[in-house]
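Pasted below: data12.csv, CSV, C-alpha atoms.
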```csv
chain,number,residue,atom,x,y,z
A,298,MET,CA,153.9,56.7,97.9
A,299,GLU,CA,151.0,55.2,96.0
A,300,TYR,CA,151.9,51.7,97.2
A,301,TYR,CA,152.1,53.0,100.8
A,302,PHE,CA,148.7,54.7,100.5
A,303,ASP,CA,147.1,51.4,99.2
A,304,TRP,CA,148.8,49.4,102.0
A,305,LEU,CA,147.5,51.8,104.7
A,306,ASN,CA,144.0,51.8,103.2
A,307,SER,CA,143.9,48.0,103.1
A,308,ASN,CA,144.9,47.7,106.7
A,309,PHE,CA,142.1,50.0,107.7
A,310,LEU,CA,139.7,47.8,105.7
A,311,GLU,CA,140.9,44.7,107.5
A,312,LEU,CA,140.1,46.4,110.8
A,313,GLY,CA,136.5,46.5,109.8
A,314,MET,CA,136.2,50.1,108.6
A,315,THR,CA,134.0,51.1,105.7
A,316,ALA,CA,135.8,51.8,102.5
A,317,SER,CA,134.9,55.6,102.6
A,318,TYR,CA,136.0,55.9,106.2
A,319,ALA,CA,139.2,54.0,105.6
A,320,MET,CA,140.0,56.2,102.5
A,321,LEU,CA,139.3,59.4,104.5
A,322,LEU,CA,141.4,58.3,107.5
A,323,SER,CA,144.3,57.1,105.3
A,324,THR,CA,144.2,60.4,103.4
A,325,LEU,CA,144.2,62.4,106.7
A,326,ILE,CA,147.2,60.5,108.0
A,327,HIS,CA,149.0,61.0,104.7
A,328,CYS,CA,148.3,64.7,104.9
A,329,ILE,CA,149.7,65.0,108.4
A,330,ILE,CA,152.8,63.0,107.5
A,331,PHE,CA,153.3,64.9,104.3
A,332,SER,CA,152.8,68.3,106.0
A,333,ILE,CA,155.5,67.4,108.5
A,334,ILE,CA,157.8,66.3,105.7
A,335,ILE,CA,157.1,69.5,103.8
A,336,VAL,CA,157.8,71.7,106.8
A,337,LEU,CA,161.0,69.9,107.7
A,338,LEU,CA,162.1,69.9,104.0
A,339,ASP,CA,161.4,73.7,103.8
A,340,LEU,CA,163.5,74.4,106.9
A,341,PHE,CA,166.3,72.1,105.6
A,342,THR,CA,166.4,73.5,102.1
A,343,ARG,CA,166.1,77.1,103.3
A,344,LYS,CA,169.0,76.6,105.8
A,345,VAL,CA,171.2,74.8,103.3
A,346,ILE,CA,170.6,77.1,100.3
A,347,VAL,CA,170.9,80.3,102.4
A,348,ARG,CA,174.1,79.1,104.0
A,349,ALA,CA,175.6,77.9,100.7
A,350,PHE,CA,174.7,81.2,99.1
A,351,GLY,CA,176.2,83.1,101.9
A,352,VAL,CA,179.5,81.1,101.7
A,353,PHE,CA,179.5,81.6,97.9
A,354,SER,CA,178.9,85.4,98.2
A,355,ASN,CA,181.7,85.8,100.8
A,356,ARG,CA,184.2,84.1,98.5
A,357,THR,CA,183.4,86.2,95.4
A,358,LYS,CA,184.9,89.6,94.8
A,359,ASN,CA,181.7,91.0,93.3
A,360,SER,CA,179.4,92.5,95.9
A,361,TYR,CA,176.2,92.0,93.8
A,362,ASP,CA,175.6,88.5,95.4
A,363,ASN,CA,175.8,90.1,98.8
A,364,PHE,CA,172.9,92.4,97.9
A,365,LEU,CA,171.0,89.3,96.6
A,366,ALA,CA,171.5,87.6,100.0
A,367,LYS,CA,170.2,90.7,101.8
A,368,GLY,CA,167.2,90.8,99.5
A,369,ASN,CA,166.0,87.3,100.6
A,370,PHE,CA,166.7,85.9,97.1
A,371,PRO,CA,168.0,82.5,98.4
A,372,ARG,CA,165.1,82.2,100.8
A,373,PHE,CA,162.6,82.6,98.0
A,374,VAL,CA,164.5,80.1,95.8
A,375,ALA,CA,164.5,77.6,98.6
A,376,HIS,CA,160.7,77.6,98.8
A,377,PHE,CA,160.5,76.2,95.3
A,378,ILE,CA,161.5,72.7,96.3
A,379,PRO,CA,158.8,72.0,99.0
A,380,VAL,CA,156.1,73.7,96.9
A,381,GLY,CA,157.1,71.7,93.9
A,382,LEU,CA,156.9,68.6,96.0
A,383,ILE,CA,153.4,69.5,97.1
A,384,ARG,CA,152.5,70.1,93.4
A,385,TYR,CA,153.8,66.7,92.5
A,386,ALA,CA,152.3,64.7,95.4
A,387,ALA,CA,148.8,66.2,95.5
A,388,PRO,CA,147.4,63.9,92.8
A,389,PHE,CA,148.5,60.8,94.7
A,390,LEU,CA,147.4,62.0,98.2
A,391,PHE,CA,143.9,63.0,97.1
A,392,ARG,CA,143.4,60.6,94.1
A,393,SER,CA,140.0,59.7,95.5
A,394,TYR,CA,139.1,63.4,96.1
A,395,GLY,CA,139.5,64.9,92.7
A,396,HIS,CA,138.1,68.3,93.7
A,397,ILE,CA,140.5,68.6,96.6
A,398,SER,CA,143.4,67.5,94.4
A,399,GLU,CA,142.5,70.1,91.8
A,400,PHE,CA,142.1,72.8,94.4
A,401,LEU,CA,145.5,72.0,95.9
A,402,ILE,CA,147.2,71.9,92.5
A,403,LYS,CA,145.7,75.3,91.6
A,404,THR,CA,146.7,76.8,95.0
A,405,THR,CA,150.3,75.6,94.6
A,406,ASP,CA,150.4,76.9,91.0
A,407,VAL,CA,149.2,80.3,92.2
A,408,TYR,CA,151.8,80.3,95.0
A,409,LEU,CA,154.5,79.4,92.5
A,410,ILE,CA,153.5,82.4,90.3
A,411,VAL,CA,153.6,84.7,93.4
A,412,LEU,CA,156.9,83.2,94.4
A,413,ALA,CA,158.4,83.8,91.0
A,414,THR,CA,157.2,87.4,91.2
A,415,LEU,CA,158.8,87.9,94.6
A,416,ILE,CA,162.1,86.5,93.3
A,417,PHE,CA,161.8,89.0,90.4
A,418,ARG,CA,161.2,91.8,92.9
A,419,SER,CA,164.2,90.7,95.0
A,420,ILE,CA,166.5,90.7,92.0
A,421,LEU,CA,165.3,94.2,91.0
A,422,ARG,CA,165.8,95.6,94.5
A,423,SER,CA,169.2,94.0,94.8
A,424,THR,CA,170.2,95.4,91.5
A,425,THR,CA,169.0,98.9,92.6
A,426,ASN,CA,171.0,98.7,95.8
A,427,TYR,CA,174.1,97.5,94.0
A,428,LEU,CA,173.9,100.3,91.4
A,429,ARG,CA,173.6,102.8,94.2
A,430,THR,CA,177.1,101.9,95.2
A,431,LYS,CA,178.4,103.1,91.8
A,432,ASP,CA,179.1,106.8,91.4
A,433,LYS,CA,177.6,106.7,88.0
A,434,TYR,CA,174.1,105.8,89.3
A,435,LYS,CA,173.9,107.5,92.7
A,436,ASP,CA,171.9,110.4,91.5
A,437,LYS,CA,169.7,108.5,89.0
A,438,PRO,CA,166.0,107.8,89.6
A,439,LEU,CA,166.4,104.0,89.6
A,440,GLU,CA,163.3,103.5,91.9
A,441,SER,CA,161.1,104.8,89.1
A,442,TYR,CA,162.2,102.1,86.7
A,443,VAL,CA,162.0,99.4,89.3
A,444,GLN,CA,158.5,100.4,90.2
A,445,VAL,CA,157.5,100.3,86.5
A,446,LEU,CA,159.0,96.8,86.1
A,447,MET,CA,157.3,95.6,89.2
A,448,ILE,CA,153.9,96.9,88.0
A,449,PHE,CA,154.4,94.9,84.7
A,450,GLY,CA,155.6,92.0,86.7
A,451,TRP,CA,152.6,91.9,89.0
A,452,GLY,CA,150.3,92.6,86.1
A,453,ILE,CA,151.6,89.5,84.2
A,454,ALA,CA,151.4,87.5,87.4
A,455,ILE,CA,147.8,88.5,87.9
A,456,PHE,CA,147.0,87.5,84.3
A,457,PHE,CA,148.5,84.1,84.9
A,458,ILE,CA,146.7,83.6,88.2
A,459,ILE,CA,143.4,84.5,86.6
A,460,ASN,CA,144.2,82.1,83.8
A,461,GLU,CA,145.1,79.4,86.3
A,462,LEU,CA,142.0,79.8,88.5
A,463,THR,CA,139.4,80.3,85.7
A,464,GLY,CA,141.0,78.5,82.8
A,465,TYR,CA,140.0,81.4,80.6
A,466,SER,CA,142.6,82.5,78.1
A,467,ILE,CA,143.4,86.2,78.5
A,468,ILE,CA,145.3,86.4,75.2
A,469,SER,CA,142.5,87.8,73.0
A,470,LEU,CA,142.1,91.1,71.3
A,471,THR,CA,138.9,92.0,73.1
A,472,THR,CA,140.3,91.1,76.5
A,473,LEU,CA,143.6,92.9,75.8
A,474,GLY,CA,141.7,96.0,74.7
A,475,ALA,CA,139.5,96.1,77.7
A,476,THR,CA,142.4,95.4,80.0
A,477,SER,CA,144.4,98.2,78.3
A,478,ALA,CA,141.6,100.7,78.8
A,479,ALA,CA,141.3,99.7,82.5
A,480,LEU,CA,145.0,99.9,83.0
A,481,LEU,CA,145.1,103.4,81.4
A,482,LEU,CA,142.3,104.5,83.7
A,483,ILE,CA,143.6,103.0,86.9
A,484,PHE,CA,147.3,103.7,86.4
A,485,ARG,CA,147.0,107.1,84.8
A,486,ASP,CA,149.2,108.8,87.4
A,487,THR,CA,151.7,105.9,87.3
A,488,ILE,CA,152.0,106.2,83.5
A,489,LEU,CA,152.5,110.0,83.8
A,490,GLY,CA,155.1,109.4,86.5
A,491,PHE,CA,156.9,106.9,84.3
A,492,VAL,CA,157.0,109.2,81.4
A,493,ALA,CA,158.2,112.0,83.7
A,494,SER,CA,160.9,109.8,85.2
A,495,ILE,CA,162.3,109.0,81.8
A,496,GLN,CA,162.3,112.7,80.8
A,497,VAL,CA,163.8,113.7,84.1
A,498,SER,CA,166.6,111.1,83.7
A,499,VAL,CA,167.2,111.6,79.9
A,500,ASN,CA,167.2,115.4,80.1
A,501,ASP,CA,169.1,115.4,83.5
A,502,ILE,CA,166.5,117.8,85.0
A,503,VAL,CA,166.9,116.6,88.6
A,504,ARG,CA,169.3,114.3,90.3
A,505,ILE,CA,169.3,112.8,93.8
A,506,GLY,CA,171.2,115.2,96.0
A,507,ASP,CA,170.2,118.3,94.0
A,508,TRP,CA,169.0,121.4,95.9
A,509,ILE,CA,165.7,122.5,94.4
A,510,THR,CA,163.2,125.2,95.3
A,511,PHE,CA,159.6,124.5,94.3
A,512,ASN,CA,157.4,127.3,95.6
A,513,LYS,CA,154.1,125.7,94.4
A,514,PHE,CA,154.6,122.8,96.9
A,515,GLY,CA,156.6,124.6,99.5
A,516,ALA,CA,159.7,122.6,98.9
A,517,ASP,CA,163.2,124.1,99.5
A,518,GLY,CA,165.9,121.5,100.1
A,519,THR,CA,167.7,118.4,98.9
A,520,VAL,CA,166.2,115.7,96.7
A,521,THR,CA,166.5,112.4,98.6
A,522,GLU,CA,164.4,110.1,96.5
A,523,ILE,CA,162.9,110.0,93.0
A,524,ASN,CA,160.4,107.2,92.3
A,525,LEU,CA,157.6,106.6,89.9
A,526,ALA,CA,154.9,108.7,91.6
A,527,THR,CA,156.7,111.3,93.8
A,528,VAL,CA,159.9,113.1,94.4
A,529,ARG,CA,160.9,113.4,98.0
A,530,VAL,CA,162.6,116.6,99.2
A,531,GLN,CA,164.2,117.1,102.6
A,532,ASN,CA,163.7,120.8,103.4
A,533,PHE,CA,166.4,122.8,105.3
A,534,ASP,CA,164.2,122.7,108.4
A,535,ASN,CA,164.4,118.9,108.2
A,536,THR,CA,160.8,118.5,107.1
A,537,PHE,CA,159.9,116.4,104.0
A,538,THR,CA,157.9,117.5,101.0
A,539,THR,CA,156.6,115.1,98.4
A,540,ILE,CA,156.2,116.4,94.8
A,541,PRO,CA,154.4,114.6,92.0
A,542,THR,CA,157.1,113.4,89.6
A,543,TYR,CA,155.1,114.7,86.6
A,544,SER,CA,155.2,118.2,88.1
A,545,LEU,CA,159.0,118.3,87.4
A,546,ILE,CA,158.3,118.6,83.7
A,547,SER,CA,154.9,120.3,83.8
A,548,ASP,CA,155.6,123.1,86.3
A,549,SER,CA,158.5,125.5,86.8
A,550,PHE,CA,161.0,125.1,89.7
A,551,GLN,CA,164.5,126.2,90.6
A,552,ASN,CA,167.4,123.8,90.6
A,553,TRP,CA,170.6,125.0,92.3
A,554,ARG,CA,172.9,122.4,90.9
A,555,GLY,CA,174.4,124.9,88.4
A,556,MET,CA,175.5,127.0,91.3
A,557,GLN,CA,176.9,124.0,93.2
A,558,GLU,CA,178.9,122.9,90.2
A,559,SER,CA,180.1,126.4,89.3
A,560,PRO,CA,183.4,127.9,90.7
A,561,GLY,CA,181.5,130.5,92.8
A,562,ARG,CA,178.2,131.4,94.4
A,563,ARG,CA,176.6,134.7,93.5
A,564,ILE,CA,176.3,137.7,95.8
A,565,LYS,CA,173.7,140.1,94.6
A,566,ARG,CA,172.6,142.7,97.2
A,567,ALA,CA,172.2,146.5,97.4
A,568,ILE,CA,172.4,149.2,100.0
A,569,TYR,CA,170.3,152.4,99.7
A,570,ILE,CA,172.1,155.7,99.9
A,571,LYS,CA,170.1,158.8,101.0
A,572,GLN,CA,169.9,161.0,97.9
A,573,SER,CA,170.3,164.2,99.8
A,574,SER,CA,173.8,163.1,101.1
A,575,VAL,CA,175.2,162.8,97.5
A,576,SER,CA,177.3,165.8,96.6
A,577,PHE,CA,180.3,167.1,94.7
A,578,ILE,CA,183.6,166.7,96.6
A,579,SER,CA,185.1,169.9,97.9
A,580,GLU,CA,188.8,170.5,98.2
A,581,GLU,CA,188.7,169.9,102.0
A,582,GLN,CA,186.8,166.6,101.5
A,583,LEU,CA,189.3,165.6,98.7
A,584,LEU,CA,192.2,165.9,101.1
A,585,THR,CA,190.4,163.7,103.6
A,586,LEU,CA,189.4,161.0,101.0
A,587,GLN,CA,193.0,160.9,99.7
A,588,LYS,CA,194.0,159.4,103.0
A,589,ILE,CA,191.9,156.2,102.2
A,590,GLU,CA,194.5,153.9,100.6
A,591,LYS,CA,192.2,151.9,98.4
A,592,VAL,CA,191.0,155.0,96.4
A,593,LYS,CA,194.0,157.3,96.8
A,594,GLU,CA,195.5,156.4,93.5
A,595,TYR,CA,192.2,156.6,91.8
A,596,ILE,CA,191.4,160.0,93.3
A,597,ASP,CA,194.8,161.5,92.3
A,598,HIS,CA,194.6,160.2,88.8
A,599,ARG,CA,191.0,161.3,88.3
A,600,GLN,CA,191.6,164.7,89.8
A,601,LYS,CA,194.5,165.4,87.5
A,602,ASP,CA,192.3,164.7,84.5
A,603,ILE,CA,189.5,166.9,85.9
A,604,ASN,CA,191.8,169.8,86.7
A,605,ALA,CA,193.4,169.6,83.2
A,606,THR,CA,190.0,169.6,81.5
A,607,ASN,CA,188.7,172.5,83.6
A,608,GLU,CA,191.8,174.6,83.0
A,609,GLU,CA,191.7,173.9,79.3
A,610,TYR,CA,188.1,175.2,79.0
A,611,ARG,CA,188.7,177.9,81.7
A,612,VAL,CA,185.8,176.7,83.8
A,613,ASN,CA,184.6,179.0,86.6
A,614,LYS,CA,184.9,176.9,89.7
A,615,GLU,CA,183.3,179.4,92.0
A,616,VAL,CA,180.2,177.4,91.4
A,617,ALA,CA,180.8,173.7,92.0
A,618,ILE,CA,178.5,172.4,89.3
A,619,ASN,CA,180.5,174.0,86.6
A,620,GLY,CA,183.0,171.8,84.7
A,621,ARG,CA,183.9,168.3,85.8
A,622,ASN,CA,183.8,167.2,89.4
A,623,GLN,CA,184.1,164.1,91.5
A,624,THR,CA,181.2,163.0,93.7
A,625,ASN,CA,181.3,161.3,97.0
A,626,LEU,CA,179.0,158.5,95.7
A,627,GLY,CA,181.3,157.9,92.7
A,628,VAL,CA,184.4,157.6,94.9
A,629,PHE,CA,182.5,155.3,97.3
A,630,ARG,CA,181.5,153.1,94.4
A,631,LYS,CA,185.2,152.8,93.4
A,632,TYR,CA,186.1,152.1,96.9
A,633,ILE,CA,183.7,149.1,97.1
A,634,ASP,CA,185.1,147.9,93.8
A,635,ALA,CA,188.7,148.0,95.0
A,636,TYR,CA,187.6,146.4,98.3
A,637,LEU,CA,186.0,143.5,96.5
A,638,HIS,CA,189.1,143.0,94.3
A,639,ASP,CA,191.3,142.8,97.3
A,640,ASN,CA,189.0,140.4,99.2
A,641,SER,CA,190.4,136.8,99.1
A,642,ALA,CA,186.9,135.3,99.5
A,643,ILE,CA,185.8,136.7,96.2
A,644,ASN,CA,186.4,134.8,92.9
A,645,LYS,CA,188.1,137.3,90.6
A,646,ASP,CA,187.8,135.0,87.6
A,647,MET,CA,184.0,135.4,87.6
A,648,PHE,CA,181.9,138.5,87.0
A,649,LEU,CA,182.4,141.4,89.5
A,650,MET,CA,180.6,144.7,89.3
A,651,VAL,CA,179.4,147.5,91.5
A,652,ARG,CA,176.6,149.5,90.0
A,653,HIS,CA,173.8,152.1,90.5
A,654,LEU,CA,170.2,151.0,90.1
A,655,ALA,CA,167.4,153.4,89.3
A,656,PRO,CA,166.7,155.8,92.2
A,657,THR,CA,163.7,155.0,94.3
A,658,ASP,CA,161.7,156.6,97.0
A,659,ARG,CA,164.1,154.9,99.5
A,660,GLY,CA,167.3,156.4,97.9
A,661,VAL,CA,169.9,155.4,95.4
A,662,PRO,CA,170.5,151.6,95.3
A,663,VAL,CA,174.2,150.7,95.1
A,664,GLU,CA,174.3,147.0,94.1
A,665,ILE,CA,177.2,144.6,94.7
A,666,TYR,CA,177.3,141.8,92.1
A,667,CYS,CA,180.1,139.2,92.5
A,668,PHE,CA,180.8,135.6,93.3
A,669,SER,CA,182.3,134.0,96.4
A,670,ASN,CA,184.9,131.2,96.3
A,671,ASP,CA,183.2,129.2,99.0
A,672,LYS,CA,179.7,127.8,97.9
A,673,LYS,CA,178.8,126.2,101.2
A,674,TRP,CA,175.7,127.9,102.5
A,675,GLU,CA,177.0,128.7,106.0
A,676,ASN,CA,180.4,130.0,104.8
A,677,PHE,CA,178.7,132.0,102.0
A,678,GLU,CA,176.5,133.8,104.4
A,679,HIS,CA,179.5,134.7,106.6
A,680,ILE,CA,181.4,136.1,103.6
A,681,GLN,CA,178.4,138.1,102.5
A,682,ALA,CA,177.8,139.4,106.0
A,683,ASP,CA,181.5,140.4,106.4
A,684,ILE,CA,181.4,142.3,103.1
A,685,PHE,CA,178.3,144.3,103.9
A,686,ASP,CA,179.4,144.9,107.5
A,687,HIS,CA,182.4,146.7,106.1
A,688,ILE,CA,180.5,148.5,103.4
A,689,ILE,CA,177.8,149.8,105.7
A,690,ALA,CA,180.5,151.0,108.3
A,691,SER,CA,182.4,152.7,105.4
A,692,VAL,CA,179.5,154.9,104.3
A,693,PRO,CA,180.0,157.8,106.7
A,694,TYR,CA,183.7,158.2,105.7
A,695,PHE,CA,182.5,159.4,102.3
A,696,GLY,CA,180.0,161.9,103.6
A,697,LEU,CA,177.1,159.7,102.7
A,698,GLU,CA,174.1,158.4,104.6
A,699,LEU,CA,172.2,155.2,104.5
A,700,PHE,CA,168.4,155.4,104.0
A,701,GLU,CA,166.4,154.0,106.8
A,702,LEU,CA,162.7,154.4,107.6
A,703,PRO,CA,162.0,156.5,110.7
A,704,THR,CA,161.6,154.6,114.0
A,705,GLY,CA,159.5,155.6,117.0
A,706,LYS,CA,162.6,157.2,118.6
A,707,ASP,CA,163.1,159.4,115.5
A,708,ILE,CA,159.5,160.6,115.6
A,709,SER,CA,159.8,161.3,119.4
A,710,ARG,CA,162.9,163.3,118.8
A,711,LEU,CA,161.0,165.4,116.2
```

Any chance you could put this one into structure tokens?
Amino acid sequence: MEYYFDWLNSNFLELGMTASYAMLLSTLIHCIIFSIIIVLLDLFTRKVIVRAFGVFSNRTKNSYDNFLAKGNFPRFVAHFIPVGLIRYAAPFLFRSYGHISEFLIKTTDVYLIVLATLIFRSILRSTTNYLRTKDKYKDKPLESYVQVLMIFGWGIAIFFIINELTGYSIISLTTLGATSAALLLIFRDTILGFVASIQVSVNDIVRIGDWITFNKFGADGTVTEINLATVRVQNFDNTFTTIPTYSLISDSFQNWRGMQESPGRRIKRAIYIKQSSVSFISEEQLLTLQKIEKVKEYIDHRQKDINATNEEYRVNKEVAINGRNQTNLGVFRKYIDAYLHDNSAINKDMFLMVRHLAPTDRGVPVEIYCFSNDKKWENFEHIQADIFDHIIASVPYFGLELFELPTGKDISRL
């Protein structure tokens, strides 16, 4: 190349050109020819390397190289050859223009640093996408670690670029101290997010796919992404909410994963019985309630014990409050309990209870506490609705009334 440059320059001199003009013209011609060679070489090497990498990845059983191909890894590698050629040829092309040669060398060096960083990023992204295909890593916040590594990667690249452009060594205690202070100030949120990401992953606080409720940020839905700065939640109305990653360890939120992994989903709801409708069961009412199959055996057994006790103590039953008695609310509670035990949608291996809560100004709360077998939201709501449809419809059969605030029609009737 140097011989050809001298030959071309001497020919221009023989044509009567001045030495400076001949040098400039020969350099310009060399640049044009060299640029064409570089462009053609870049196209050729990119096509060859990309195609060769594609053939190689198709023949291997491991799918990791397929993700590398999709992440433009071979394209970035192919750029090294033409850029390296520019770096090597620049001193010969511009030997008479030292400042241009130096500028071109520095520019190619900077581009090589950036290209190396892009290759590093491609490898990280390909690794992340590959790990996402593994069940072990599907719910891990891999993006957080990738972003941290990329921050360090770009930071190192910037240091090398500054060193290349200025020639100033950045490896000094003073510079490192000042740089550390600046990084702590600029990347404060990033550092907090990184620490939070590690704690979230190590302590298994949140996984991708978890259903969380975060009232502070109005989030109620499924976690779709966990990265260095934010956690993305797709709410059930298909809107998205972003939550700062650090908030997952600094604030309180609700994670429904335990319910999703448990053998049942909790039903905890109460109906309010009008207190004035609660009464002792008369003999006539007893005969009617004994026709209800789910409580017939309970009523008979209970009444035998009550009668035996009252006879033993010679209780005066002319007044109902004397001695032992059954109440319509007590029998109703037993009926609900028996109904739930016979319901195939209820998980009998988990806690099941029907209880009274403290009386309120709206009546006596009768709470149902149990777990459904089906945890899917839609099916769970159907099961819960079917149970309370039946319970509400059963209330009048026990001489009870549900409490309900008066409506306009009630006031008009009065």

Between atom CA of Leu489 of chain A and atom CA of Phe537 of chain A, distance in Å (one decimal):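 Result for atom CA of Leu489 of chain A versus atom CA of Phe537 of chain A: 22.4 Å, one decimal.
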
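Our summary of the geometry notes that atom CA of Gly515 of chain A is positioned 21.8 Å from atom CA of Glu675 of chain A.
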
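What separates atom CA of Gly660 of chain A from atom CA of Asp639 of chain A is a distance of 27.6 Å.
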
List the neighbours of Gln623 of chain A out to 8 Å using all atoms listed in the file; skip same-chain residues closer than 6 positions along the sequence, and give me the result as a VMD selection string. chain A and resid 577 to 578 600

Which of A:Tyr595, A:Phe370, A:Phe400, A:Tyr610 sits closest to Phe629 of chain A [using only C-alpha atoms]: A:Tyr595

Between A:Val692, A:Val575, A:Leu525, A:Ile509, which residue has the minimum interatomic distance to Ser549 of chain A, considering all atoms listed in the file? A:Ile509
